[in-house]
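Source file: coords_36.txt (compact mmCIF, N, CA and C atoms)
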```
# COMPACT_ATOMS: atom_id res chain seq x y z
N MET A 208 -3.78 -70.30 -23.92
CA MET A 208 -3.74 -68.86 -23.93
C MET A 208 -4.16 -68.38 -25.32
N THR A 209 -4.91 -67.30 -25.36
CA THR A 209 -5.40 -66.73 -26.61
C THR A 209 -4.53 -65.54 -27.00
N GLU A 210 -4.36 -65.34 -28.31
CA GLU A 210 -3.69 -64.15 -28.80
C GLU A 210 -4.73 -63.06 -29.04
N TYR A 211 -4.34 -61.82 -28.71
CA TYR A 211 -5.23 -60.67 -28.87
C TYR A 211 -4.52 -59.60 -29.69
N LEU A 212 -5.29 -58.94 -30.53
CA LEU A 212 -4.82 -57.79 -31.29
C LEU A 212 -5.28 -56.55 -30.57
N LEU A 213 -4.34 -55.68 -30.24
CA LEU A 213 -4.68 -54.38 -29.66
C LEU A 213 -4.42 -53.35 -30.75
N LEU A 214 -5.47 -52.68 -31.19
CA LEU A 214 -5.36 -51.63 -32.21
C LEU A 214 -5.35 -50.29 -31.53
N PHE A 215 -4.33 -49.49 -31.81
CA PHE A 215 -4.21 -48.16 -31.22
C PHE A 215 -4.76 -47.15 -32.22
N ARG A 216 -5.74 -46.38 -31.77
CA ARG A 216 -6.35 -45.35 -32.62
C ARG A 216 -6.11 -43.98 -31.99
N ASN A 217 -5.90 -42.99 -32.87
CA ASN A 217 -5.66 -41.64 -32.40
C ASN A 217 -6.14 -40.67 -33.48
N ALA A 218 -6.47 -39.47 -33.07
CA ALA A 218 -6.86 -38.44 -34.04
C ALA A 218 -5.64 -38.05 -34.86
N SER A 219 -5.87 -37.54 -36.06
CA SER A 219 -4.77 -37.14 -36.93
C SER A 219 -4.95 -35.69 -37.35
N ALA A 220 -3.86 -35.11 -37.80
CA ALA A 220 -3.91 -33.79 -38.42
C ALA A 220 -4.33 -34.00 -39.88
N ALA A 221 -4.30 -32.93 -40.66
CA ALA A 221 -4.77 -33.03 -42.05
C ALA A 221 -3.98 -34.06 -42.86
N ASN A 222 -2.66 -34.03 -42.77
CA ASN A 222 -1.85 -34.93 -43.58
C ASN A 222 -0.76 -35.64 -42.79
N ASN A 223 -0.99 -35.86 -41.51
CA ASN A 223 0.00 -36.51 -40.68
C ASN A 223 -0.65 -36.88 -39.35
N TYR A 224 0.14 -37.50 -38.49
CA TYR A 224 -0.35 -37.77 -37.15
C TYR A 224 -0.45 -36.49 -36.35
N LEU A 225 -1.32 -36.46 -35.37
CA LEU A 225 -1.52 -35.30 -34.52
C LEU A 225 -0.33 -35.08 -33.58
N ALA A 226 0.24 -36.16 -33.06
CA ALA A 226 1.36 -36.04 -32.13
C ALA A 226 2.57 -35.45 -32.84
N THR A 227 3.26 -34.54 -32.17
CA THR A 227 4.46 -33.93 -32.72
C THR A 227 5.67 -34.81 -32.42
N THR A 228 6.80 -34.49 -33.04
CA THR A 228 8.04 -35.21 -32.76
C THR A 228 8.39 -35.12 -31.29
N GLU A 229 8.15 -33.95 -30.69
CA GLU A 229 8.42 -33.76 -29.27
C GLU A 229 7.52 -34.65 -28.41
N ASP A 230 6.24 -34.72 -28.77
CA ASP A 230 5.30 -35.60 -28.05
C ASP A 230 5.78 -37.05 -28.11
N MET A 231 6.19 -37.47 -29.30
CA MET A 231 6.63 -38.86 -29.47
C MET A 231 7.88 -39.14 -28.65
N ALA A 232 8.83 -38.21 -28.62
CA ALA A 232 10.05 -38.39 -27.83
C ALA A 232 9.72 -38.46 -26.34
N GLU A 233 8.79 -37.62 -25.89
CA GLU A 233 8.37 -37.61 -24.49
C GLU A 233 7.64 -38.90 -24.13
N ASP A 234 6.87 -39.43 -25.07
CA ASP A 234 6.07 -40.63 -24.82
C ASP A 234 6.88 -41.93 -24.89
N MET A 235 8.04 -41.92 -25.56
CA MET A 235 8.77 -43.16 -25.80
C MET A 235 9.09 -43.94 -24.52
N PRO A 236 9.56 -43.31 -23.43
CA PRO A 236 9.80 -44.10 -22.21
C PRO A 236 8.52 -44.75 -21.66
N ARG A 237 7.37 -44.07 -21.81
CA ARG A 237 6.10 -44.65 -21.35
C ARG A 237 5.75 -45.89 -22.17
N TRP A 238 5.92 -45.79 -23.50
CA TRP A 238 5.65 -46.93 -24.38
C TRP A 238 6.60 -48.08 -24.06
N GLN A 239 7.89 -47.78 -23.89
CA GLN A 239 8.86 -48.83 -23.60
C GLN A 239 8.51 -49.55 -22.30
N SER A 240 8.12 -48.81 -21.30
CA SER A 240 7.75 -49.39 -20.01
C SER A 240 6.48 -50.23 -20.15
N TRP A 241 5.48 -49.69 -20.83
CA TRP A 241 4.20 -50.38 -20.99
C TRP A 241 4.37 -51.68 -21.77
N ILE A 242 5.06 -51.60 -22.91
CA ILE A 242 5.28 -52.79 -23.73
C ILE A 242 6.22 -53.75 -23.00
N GLY A 243 7.23 -53.21 -22.33
CA GLY A 243 8.17 -54.04 -21.58
C GLY A 243 7.50 -54.86 -20.51
N ASN A 244 6.48 -54.30 -19.86
CA ASN A 244 5.73 -55.03 -18.84
C ASN A 244 5.06 -56.27 -19.44
N ILE A 245 4.49 -56.13 -20.61
CA ILE A 245 3.85 -57.27 -21.28
C ILE A 245 4.92 -58.27 -21.72
N ALA A 246 6.03 -57.77 -22.26
CA ALA A 246 7.12 -58.64 -22.72
C ALA A 246 7.75 -59.42 -21.57
N MET A 247 7.94 -58.78 -20.42
CA MET A 247 8.56 -59.45 -19.28
C MET A 247 7.72 -60.62 -18.76
N GLN A 248 6.42 -60.59 -19.06
CA GLN A 248 5.54 -61.70 -18.68
C GLN A 248 5.55 -62.82 -19.73
N GLY A 249 6.33 -62.60 -20.81
CA GLY A 249 6.38 -63.58 -21.89
C GLY A 249 5.13 -63.59 -22.74
N LYS A 250 4.40 -62.47 -22.77
CA LYS A 250 3.11 -62.44 -23.46
C LYS A 250 3.08 -61.51 -24.67
N LEU A 251 4.22 -60.91 -25.01
CA LEU A 251 4.29 -60.06 -26.21
C LEU A 251 4.61 -60.93 -27.41
N VAL A 252 3.81 -60.81 -28.48
CA VAL A 252 4.07 -61.51 -29.73
C VAL A 252 4.79 -60.57 -30.68
N THR A 253 4.22 -59.40 -30.94
CA THR A 253 4.83 -58.39 -31.79
C THR A 253 4.10 -57.07 -31.61
N THR A 254 4.77 -55.99 -31.98
CA THR A 254 4.15 -54.67 -31.92
C THR A 254 4.87 -53.74 -32.88
N ALA A 255 4.18 -52.72 -33.37
CA ALA A 255 4.82 -51.74 -34.25
C ALA A 255 3.92 -50.53 -34.42
N PRO A 256 4.54 -49.35 -34.53
CA PRO A 256 3.77 -48.20 -34.97
C PRO A 256 3.52 -48.35 -36.48
N ILE A 257 2.60 -47.58 -37.00
CA ILE A 257 2.26 -47.66 -38.42
C ILE A 257 2.52 -46.30 -39.05
N LEU A 258 3.24 -46.29 -40.18
CA LEU A 258 3.46 -45.04 -40.89
C LEU A 258 2.14 -44.46 -41.37
N TYR A 259 2.10 -43.16 -41.54
CA TYR A 259 0.87 -42.47 -41.94
C TYR A 259 0.47 -42.82 -43.37
N ASP A 260 1.44 -42.87 -44.27
CA ASP A 260 1.13 -43.15 -45.69
C ASP A 260 0.45 -44.50 -45.83
N ALA A 261 -0.49 -44.57 -46.78
CA ALA A 261 -1.24 -45.81 -46.94
C ALA A 261 -1.78 -45.92 -48.35
N SER A 262 -2.15 -47.12 -48.71
CA SER A 262 -2.90 -47.39 -49.93
C SER A 262 -4.18 -48.09 -49.49
N ILE A 263 -5.30 -47.61 -50.00
CA ILE A 263 -6.59 -48.23 -49.70
C ILE A 263 -7.06 -48.91 -50.97
N ILE A 264 -7.31 -50.20 -50.88
CA ILE A 264 -7.73 -50.98 -52.04
C ILE A 264 -9.24 -51.18 -51.95
N LYS A 265 -9.92 -50.73 -52.99
CA LYS A 265 -11.36 -50.92 -53.08
C LYS A 265 -11.68 -51.60 -54.40
N SER A 266 -12.89 -52.04 -54.56
CA SER A 266 -13.24 -52.73 -55.81
C SER A 266 -13.06 -51.81 -57.02
N GLY A 267 -13.14 -50.50 -56.82
CA GLY A 267 -12.98 -49.55 -57.92
C GLY A 267 -11.55 -49.10 -58.17
N GLY A 268 -10.60 -49.56 -57.38
CA GLY A 268 -9.22 -49.18 -57.60
C GLY A 268 -8.45 -48.93 -56.31
N VAL A 269 -7.36 -48.22 -56.46
CA VAL A 269 -6.44 -47.97 -55.36
C VAL A 269 -6.39 -46.47 -55.06
N ILE A 270 -6.52 -46.14 -53.79
CA ILE A 270 -6.37 -44.75 -53.33
C ILE A 270 -5.04 -44.71 -52.58
N LYS A 271 -4.12 -43.86 -53.03
CA LYS A 271 -2.77 -43.82 -52.44
C LYS A 271 -2.57 -42.57 -51.61
N GLY A 272 -1.73 -42.71 -50.57
CA GLY A 272 -1.25 -41.56 -49.83
C GLY A 272 -2.05 -41.16 -48.61
N GLN A 273 -3.23 -41.69 -48.43
CA GLN A 273 -4.08 -41.32 -47.29
C GLN A 273 -4.60 -42.57 -46.60
N PRO A 274 -4.42 -42.68 -45.29
CA PRO A 274 -4.99 -43.82 -44.58
C PRO A 274 -6.50 -43.65 -44.40
N HIS A 275 -7.16 -44.73 -44.08
CA HIS A 275 -8.59 -44.68 -43.77
C HIS A 275 -8.77 -43.95 -42.44
N LYS A 276 -9.61 -42.94 -42.45
CA LYS A 276 -9.90 -42.19 -41.22
C LYS A 276 -11.36 -42.35 -40.86
N GLU A 277 -11.59 -42.47 -39.56
CA GLU A 277 -12.95 -42.56 -39.05
C GLU A 277 -13.43 -41.15 -38.71
N ALA A 278 -14.55 -41.04 -38.02
CA ALA A 278 -15.07 -39.75 -37.58
C ALA A 278 -14.00 -39.01 -36.78
N ASN A 279 -14.01 -37.69 -36.84
CA ASN A 279 -13.04 -36.85 -36.13
C ASN A 279 -11.60 -37.14 -36.54
N SER A 280 -11.39 -37.62 -37.77
CA SER A 280 -10.06 -37.91 -38.31
C SER A 280 -9.29 -38.95 -37.50
N VAL A 281 -10.00 -39.86 -36.85
CA VAL A 281 -9.36 -40.91 -36.06
C VAL A 281 -8.91 -42.03 -36.99
N LEU A 282 -7.68 -42.51 -36.77
CA LEU A 282 -7.15 -43.60 -37.59
C LEU A 282 -6.31 -44.55 -36.75
N VAL A 283 -6.06 -45.72 -37.28
CA VAL A 283 -5.20 -46.69 -36.62
C VAL A 283 -3.76 -46.19 -36.75
N SER A 284 -3.05 -46.12 -35.60
CA SER A 284 -1.67 -45.62 -35.63
C SER A 284 -0.66 -46.67 -35.20
N GLY A 285 -1.12 -47.82 -34.73
CA GLY A 285 -0.21 -48.89 -34.33
C GLY A 285 -0.98 -50.09 -33.84
N PHE A 286 -0.22 -51.15 -33.51
CA PHE A 286 -0.86 -52.36 -33.04
C PHE A 286 0.09 -53.11 -32.12
N LEU A 287 -0.48 -54.03 -31.38
CA LEU A 287 0.29 -54.94 -30.54
C LEU A 287 -0.46 -56.26 -30.54
N ILE A 288 0.26 -57.34 -30.69
CA ILE A 288 -0.33 -58.67 -30.56
C ILE A 288 0.29 -59.29 -29.31
N CYS A 289 -0.57 -59.75 -28.42
CA CYS A 289 -0.11 -60.34 -27.17
C CYS A 289 -0.87 -61.63 -26.90
N LYS A 290 -0.36 -62.38 -25.94
CA LYS A 290 -1.04 -63.57 -25.43
C LYS A 290 -1.59 -63.20 -24.07
N ALA A 291 -2.80 -63.65 -23.77
CA ALA A 291 -3.39 -63.38 -22.46
C ALA A 291 -4.28 -64.55 -22.06
N GLU A 292 -4.47 -64.67 -20.76
CA GLU A 292 -5.33 -65.73 -20.22
C GLU A 292 -6.80 -65.45 -20.54
N SER A 293 -7.14 -64.16 -20.70
CA SER A 293 -8.53 -63.78 -20.96
C SER A 293 -8.55 -62.40 -21.61
N ILE A 294 -9.68 -62.06 -22.20
CA ILE A 294 -9.82 -60.72 -22.78
C ILE A 294 -9.75 -59.67 -21.68
N GLU A 295 -10.19 -60.01 -20.49
CA GLU A 295 -10.13 -59.07 -19.37
C GLU A 295 -8.68 -58.71 -19.02
N GLU A 296 -7.78 -59.66 -19.13
CA GLU A 296 -6.37 -59.37 -18.87
C GLU A 296 -5.83 -58.38 -19.92
N ALA A 297 -6.15 -58.61 -21.19
CA ALA A 297 -5.72 -57.69 -22.25
C ALA A 297 -6.38 -56.32 -22.08
N GLU A 298 -7.63 -56.28 -21.65
CA GLU A 298 -8.31 -55.01 -21.39
C GLU A 298 -7.65 -54.26 -20.25
N GLU A 299 -7.24 -54.99 -19.22
CA GLU A 299 -6.58 -54.35 -18.08
C GLU A 299 -5.27 -53.69 -18.53
N TRP A 300 -4.47 -54.38 -19.32
CA TRP A 300 -3.24 -53.77 -19.84
C TRP A 300 -3.58 -52.51 -20.65
N SER A 301 -4.61 -52.62 -21.47
CA SER A 301 -4.97 -51.52 -22.38
C SER A 301 -5.39 -50.25 -21.64
N GLN A 302 -5.93 -50.40 -20.44
CA GLN A 302 -6.37 -49.23 -19.69
C GLN A 302 -5.23 -48.32 -19.27
N SER A 303 -3.99 -48.83 -19.28
CA SER A 303 -2.85 -47.99 -18.94
C SER A 303 -1.97 -47.69 -20.17
N CYS A 304 -2.49 -47.91 -21.36
CA CYS A 304 -1.74 -47.66 -22.59
C CYS A 304 -1.44 -46.17 -22.73
N PRO A 305 -0.20 -45.81 -23.08
CA PRO A 305 0.18 -44.40 -23.22
C PRO A 305 -0.63 -43.61 -24.24
N ILE A 306 -1.23 -44.26 -25.22
CA ILE A 306 -1.97 -43.53 -26.24
C ILE A 306 -3.21 -42.85 -25.67
N LEU A 307 -3.69 -43.34 -24.54
CA LEU A 307 -4.94 -42.82 -23.98
C LEU A 307 -4.81 -41.39 -23.45
N LYS A 308 -3.62 -40.84 -23.43
CA LYS A 308 -3.46 -39.44 -23.00
C LYS A 308 -3.95 -38.46 -24.07
N TYR A 309 -4.12 -38.93 -25.29
CA TYR A 309 -4.54 -38.05 -26.39
C TYR A 309 -6.06 -38.05 -26.56
N PRO A 310 -6.63 -36.89 -26.89
CA PRO A 310 -8.08 -36.83 -27.15
C PRO A 310 -8.44 -37.74 -28.33
N GLU A 311 -9.59 -38.32 -28.27
CA GLU A 311 -10.11 -39.20 -29.32
C GLU A 311 -9.35 -40.51 -29.46
N SER A 312 -8.40 -40.81 -28.56
CA SER A 312 -7.62 -42.04 -28.68
C SER A 312 -8.35 -43.21 -28.05
N SER A 313 -7.96 -44.42 -28.47
CA SER A 313 -8.56 -45.62 -27.90
C SER A 313 -7.67 -46.82 -28.20
N VAL A 314 -7.93 -47.89 -27.47
CA VAL A 314 -7.32 -49.19 -27.74
C VAL A 314 -8.47 -50.16 -27.95
N GLU A 315 -8.49 -50.80 -29.10
CA GLU A 315 -9.49 -51.82 -29.37
C GLU A 315 -8.85 -53.18 -29.16
N VAL A 316 -9.47 -54.02 -28.35
CA VAL A 316 -8.95 -55.35 -28.04
C VAL A 316 -9.80 -56.39 -28.75
N ARG A 317 -9.14 -57.22 -29.58
CA ARG A 317 -9.88 -58.23 -30.33
C ARG A 317 -9.14 -59.57 -30.28
N PRO A 318 -9.85 -60.64 -29.96
CA PRO A 318 -9.21 -61.95 -29.98
C PRO A 318 -8.91 -62.38 -31.41
N LEU A 319 -7.78 -63.04 -31.57
CA LEU A 319 -7.40 -63.58 -32.88
C LEU A 319 -7.84 -65.04 -32.96
N VAL A 320 -8.29 -65.45 -34.11
CA VAL A 320 -8.74 -66.81 -34.33
C VAL A 320 -7.68 -67.51 -35.17
N PRO A 321 -7.04 -68.54 -34.62
CA PRO A 321 -6.02 -69.23 -35.40
C PRO A 321 -6.65 -70.01 -36.55
N PHE A 322 -5.92 -70.04 -37.68
CA PHE A 322 -6.36 -70.86 -38.80
C PHE A 322 -6.15 -72.32 -38.47
N PRO A 323 -7.04 -73.19 -38.89
CA PRO A 323 -6.85 -74.63 -38.68
C PRO A 323 -5.57 -75.09 -39.40
N THR A 324 -4.83 -75.99 -38.79
CA THR A 324 -3.58 -76.46 -39.41
C THR A 324 -3.74 -77.78 -40.15
N ASN A 325 -4.90 -78.38 -40.09
CA ASN A 325 -5.07 -79.64 -40.84
C ASN A 325 -6.34 -79.65 -41.63
```

Mind converting the file's structure to structure tokens?
Amino acid sequence: MTEYLLLFRNASAANNYLATTEDMAEDMPRWQSWIGNIAMQGKLVTTAPILYDASIIKSGGVIKGQPHKEANSVLVSGFLICKAESIEEAEEWSQSCPILKYPESSVEVRPLVPFPTN
């Protein structure tokens, strides 16, 4: 079985996430159910939301307080690492991810490559 990284991306406000506290409270049962489904199959490795504050390290120094944002202020807001039989299985789970209710949101699925142990 391969491990996959699911990156959750969503649009942001000027200095915070776009989702309000009320949105997050309303979404929590959906997230618990969605993640719980993966966990009940024994395929959840780890998951976590990501705080908005960030440090960006570049060759010229450190930029503090702002995460990297893509076009339309889209940024990574969380991740999940799971085990799956194939990328298609991880893609299938991702199609019902609660983040997809928000405009500009997405789930990026990427296989992880284990480091050699010898």

inquiry  = So that I can see what lies close to Lys290 of chain A, please list as a list in words the residues with an atom at most 8 Å from it, counting only N, CA and C atoms and leaving out residues fewer than 2 positions away in the same chain.
reply    = Met208, Thr209, Glu210, Tyr211, Leu212, Ile245, Gly249, Lys250, Leu251, Val252, Thr253, Leu287, Ile288, Glu292, Ser293, Glu296 and Ala297 of chain A

ask   = Hey, which of A:Glu299, A:Ser280, A:Ala291, A:Ile264 ends up closest to Ala218 of chain A? Count only N, CA and C atoms.
value = A:Ser280

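Coordinates place atom CA of Gln273 of chain A at a distance of 25.5 Å from atom C of Arg317 of chain A.
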
task = Go through segment 210-310 of chain A and collect every residue that DSSP, computed from the backbone, puts in strand (DSSP E); the answer should be as a ChimeraX atom specification.
result = /A:210-218,251-256,262-265,268-271,281-291

Could you dump the residues just selected with N, CA and C atoms as a compact mmCIF listing (two decimals), in the coordinates of the input?
```
# COMPACT_ATOMS: atom_id res chain seq x y z
N GLU A 210 -4.36 -65.34 -28.31
CA GLU A 210 -3.69 -64.15 -28.80
C GLU A 210 -4.73 -63.06 -29.04
N TYR A 211 -4.34 -61.82 -28.71
CA TYR A 211 -5.23 -60.67 -28.87
C TYR A 211 -4.52 -59.60 -29.69
N LEU A 212 -5.29 -58.94 -30.53
CA LEU A 212 -4.82 -57.79 -31.29
C LEU A 212 -5.28 -56.55 -30.57
N LEU A 213 -4.34 -55.68 -30.24
CA LEU A 213 -4.68 -54.38 -29.66
C LEU A 213 -4.42 -53.35 -30.75
N LEU A 214 -5.47 -52.68 -31.19
CA LEU A 214 -5.36 -51.63 -32.21
C LEU A 214 -5.35 -50.29 -31.53
N PHE A 215 -4.33 -49.49 -31.81
CA PHE A 215 -4.21 -48.16 -31.22
C PHE A 215 -4.76 -47.15 -32.22
N ARG A 216 -5.74 -46.38 -31.77
CA ARG A 216 -6.35 -45.35 -32.62
C ARG A 216 -6.11 -43.98 -31.99
N ASN A 217 -5.90 -42.99 -32.87
CA ASN A 217 -5.66 -41.64 -32.40
C ASN A 217 -6.14 -40.67 -33.48
N ALA A 218 -6.47 -39.47 -33.07
CA ALA A 218 -6.86 -38.44 -34.04
C ALA A 218 -5.64 -38.05 -34.86
N LEU A 251 4.22 -60.91 -25.01
CA LEU A 251 4.29 -60.06 -26.21
C LEU A 251 4.61 -60.93 -27.41
N VAL A 252 3.81 -60.81 -28.48
CA VAL A 252 4.07 -61.51 -29.73
C VAL A 252 4.79 -60.57 -30.68
N THR A 253 4.22 -59.40 -30.94
CA THR A 253 4.83 -58.39 -31.79
C THR A 253 4.10 -57.07 -31.61
N THR A 254 4.77 -55.99 -31.98
CA THR A 254 4.15 -54.67 -31.92
C THR A 254 4.87 -53.74 -32.88
N ALA A 255 4.18 -52.72 -33.37
CA ALA A 255 4.82 -51.74 -34.25
C ALA A 255 3.92 -50.53 -34.42
N PRO A 256 4.54 -49.35 -34.53
CA PRO A 256 3.77 -48.20 -34.97
C PRO A 256 3.52 -48.35 -36.48
N SER A 262 -2.15 -47.12 -48.71
CA SER A 262 -2.90 -47.39 -49.93
C SER A 262 -4.18 -48.09 -49.49
N ILE A 263 -5.30 -47.61 -50.00
CA ILE A 263 -6.59 -48.23 -49.70
C ILE A 263 -7.06 -48.91 -50.97
N ILE A 264 -7.31 -50.20 -50.88
CA ILE A 264 -7.73 -50.98 -52.04
C ILE A 264 -9.24 -51.18 -51.95
N LYS A 265 -9.92 -50.73 -52.99
CA LYS A 265 -11.36 -50.92 -53.08
C LYS A 265 -11.68 -51.60 -54.40
N GLY A 268 -10.60 -49.56 -57.38
CA GLY A 268 -9.22 -49.18 -57.60
C GLY A 268 -8.45 -48.93 -56.31
N VAL A 269 -7.36 -48.22 -56.46
CA VAL A 269 -6.44 -47.97 -55.36
C VAL A 269 -6.39 -46.47 -55.06
N ILE A 270 -6.52 -46.14 -53.79
CA ILE A 270 -6.37 -44.75 -53.33
C ILE A 270 -5.04 -44.71 -52.58
N LYS A 271 -4.12 -43.86 -53.03
CA LYS A 271 -2.77 -43.82 -52.44
C LYS A 271 -2.57 -42.57 -51.61
N VAL A 281 -10.00 -39.86 -36.85
CA VAL A 281 -9.36 -40.91 -36.06
C VAL A 281 -8.91 -42.03 -36.99
N LEU A 282 -7.68 -42.51 -36.77
CA LEU A 282 -7.15 -43.60 -37.59
C LEU A 282 -6.31 -44.55 -36.75
N VAL A 283 -6.06 -45.72 -37.28
CA VAL A 283 -5.20 -46.69 -36.62
C VAL A 283 -3.76 -46.19 -36.75
N SER A 284 -3.05 -46.12 -35.60
CA SER A 284 -1.67 -45.62 -35.63
C SER A 284 -0.66 -46.67 -35.20
N GLY A 285 -1.12 -47.82 -34.73
CA GLY A 285 -0.21 -48.89 -34.33
C GLY A 285 -0.98 -50.09 -33.84
N PHE A 286 -0.22 -51.15 -33.51
CA PHE A 286 -0.86 -52.36 -33.04
C PHE A 286 0.09 -53.11 -32.12
N LEU A 287 -0.48 -54.03 -31.38
CA LEU A 287 0.29 -54.94 -30.54
C LEU A 287 -0.46 -56.26 -30.54
N ILE A 288 0.26 -57.34 -30.69
CA ILE A 288 -0.33 -58.67 -30.56
C ILE A 288 0.29 -59.29 -29.31
N CYS A 289 -0.57 -59.75 -28.42
CA CYS A 289 -0.11 -60.34 -27.17
C CYS A 289 -0.87 -61.63 -26.90
N LYS A 290 -0.36 -62.38 -25.94
CA LYS A 290 -1.04 -63.57 -25.43
C LYS A 290 -1.59 -63.20 -24.07
N ALA A 291 -2.80 -63.65 -23.77
CA ALA A 291 -3.39 -63.38 -22.46
C ALA A 291 -4.28 -64.55 -22.06
```

request  = Excluding Leu282 of chain A and any residue of its chain fewer than 2 positions from it, enumerate the residues within 6 Å of it, using all atoms listed in the file, and give them as number ranges by chain.
outcome  = A: 215-219, 275-277, 280, 284

query = For the atom pair atom CA of Tyr309 of chain A and atom N of Lys271 of chain A, what is the interatomic distance in Å to one decimal place?
reply = 27.3 Å

ask   = At what distance in Å, to one decimal, does atom CA of Ile242 of chain A lie from atom CA of Asp260 of chain A?
value = 24.3 Å

task = Could you please write out, as a list in words, every residue of segment 280-322 of chain A that DSSP assigns to helix (DSSP H, G or I)?
result =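 Taking segment 280-322 of chain A and keeping helix (DSSP H, G or I) only, one gets Ser280, Ile294, Glu295, Glu296, Ala297, Glu298, Glu299, Trp300, Ser301, Pro305, Ile306, Leu307 and Lys308 of chain A.
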
Please dump the current selection as a PDB file, keeping the file's coordinate frame; keep N, CA and C atoms.
```pdb
ATOM      1  N   SER A 280     -11.390 -37.620 -37.770  1.00  0.00           N
ATOM      2  CA  SER A 280     -10.060 -37.910 -38.310  1.00  0.00           C
ATOM      3  C   SER A 280      -9.290 -38.950 -37.500  1.00  0.00           C
ATOM      4  N   ILE A 294      -9.680 -62.060 -22.200  1.00  0.00           N
ATOM      5  CA  ILE A 294      -9.820 -60.720 -22.780  1.00  0.00           C
ATOM      6  C   ILE A 294      -9.750 -59.670 -21.680  1.00  0.00           C
ATOM      7  N   GLU A 295     -10.190 -60.010 -20.490  1.00  0.00           N
ATOM      8  CA  GLU A 295     -10.130 -59.070 -19.370  1.00  0.00           C
ATOM      9  C   GLU A 295      -8.680 -58.710 -19.020  1.00  0.00           C
ATOM     10  N   GLU A 296      -7.780 -59.660 -19.130  1.00  0.00           N
ATOM     11  CA  GLU A 296      -6.370 -59.370 -18.870  1.00  0.00           C
ATOM     12  C   GLU A 296      -5.830 -58.380 -19.920  1.00  0.00           C
ATOM     13  N   ALA A 297      -6.150 -58.610 -21.190  1.00  0.00           N
ATOM     14  CA  ALA A 297      -5.720 -57.690 -22.250  1.00  0.00           C
ATOM     15  C   ALA A 297      -6.380 -56.320 -22.080  1.00  0.00           C
ATOM     16  N   GLU A 298      -7.630 -56.280 -21.650  1.00  0.00           N
ATOM     17  CA  GLU A 298      -8.310 -55.010 -21.390  1.00  0.00           C
ATOM     18  C   GLU A 298      -7.650 -54.260 -20.250  1.00  0.00           C
ATOM     19  N   GLU A 299      -7.240 -54.990 -19.220  1.00  0.00           N
ATOM     20  CA  GLU A 299      -6.580 -54.350 -18.080  1.00  0.00           C
ATOM     21  C   GLU A 299      -5.270 -53.690 -18.530  1.00  0.00           C
ATOM     22  N   TRP A 300      -4.470 -54.380 -19.320  1.00  0.00           N
ATOM     23  CA  TRP A 300      -3.240 -53.770 -19.840  1.00  0.00           C
ATOM     24  C   TRP A 300      -3.580 -52.510 -20.650  1.00  0.00           C
ATOM     25  N   SER A 301      -4.610 -52.620 -21.470  1.00  0.00           N
ATOM     26  CA  SER A 301      -4.970 -51.520 -22.380  1.00  0.00           C
ATOM     27  C   SER A 301      -5.390 -50.250 -21.640  1.00  0.00           C
ATOM     28  N   PRO A 305      -0.200 -45.810 -23.080  1.00  0.00           N
ATOM     29  CA  PRO A 305       0.180 -44.400 -23.220  1.00  0.00           C
ATOM     30  C   PRO A 305      -0.630 -43.610 -24.240  1.00  0.00           C
ATOM     31  N   ILE A 306      -1.230 -44.260 -25.220  1.00  0.00           N
ATOM     32  CA  ILE A 306      -1.970 -43.530 -26.240  1.00  0.00           C
ATOM     33  C   ILE A 306      -3.210 -42.850 -25.670  1.00  0.00           C
ATOM     34  N   LEU A 307      -3.690 -43.340 -24.540  1.00  0.00           N
ATOM     35  CA  LEU A 307      -4.940 -42.820 -23.980  1.00  0.00           C
ATOM     36  C   LEU A 307      -4.810 -41.390 -23.450  1.00  0.00           C
ATOM     37  N   LYS A 308      -3.620 -40.840 -23.430  1.00  0.00           N
ATOM     38  CA  LYS A 308      -3.460 -39.440 -23.000  1.00  0.00           C
ATOM     39  C   LYS A 308      -3.950 -38.460 -24.070  1.00  0.00           C
TER      40      LYS A 308
END
```

ask   = Using all atoms listed in the file, which of A:Val283, A:Cys289, A:Val314, A:Met235 sits nearest Ser301 of chain A?
value = A:Val314

Just need the box for segment 294-308 of chain A, edges along x, y and z, holding every atom the file lists for it with 6 Å tacked onto each side, so centre and edge lengths in Å to one decimal, as lines of an AutoDock Vina configuration file.
```
center_x = -5.0
center_y = -50.3
center_z = -22.2
size_x = 22.4
size_y = 35.6
size_z = 20.2
```

key: Residue nearest Cys304 of chain A - candidates A:Thr228, A:Asn325, A:Ser240, A:Ser262, atoms counted: only C-alpha atoms   = A:Ser240

ask   = Given the choices A:Ala261, A:Ile294, A:Ala232, A:Ala255, which gets closest to Leu214 of chain A if the distance is worked out from only C-alpha atoms?
value =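 Of A:Ala261, A:Ile294, A:Ala232, A:Ala255, the one nearest Leu214 of chain A is A:Ala255, counting only C-alpha atoms.
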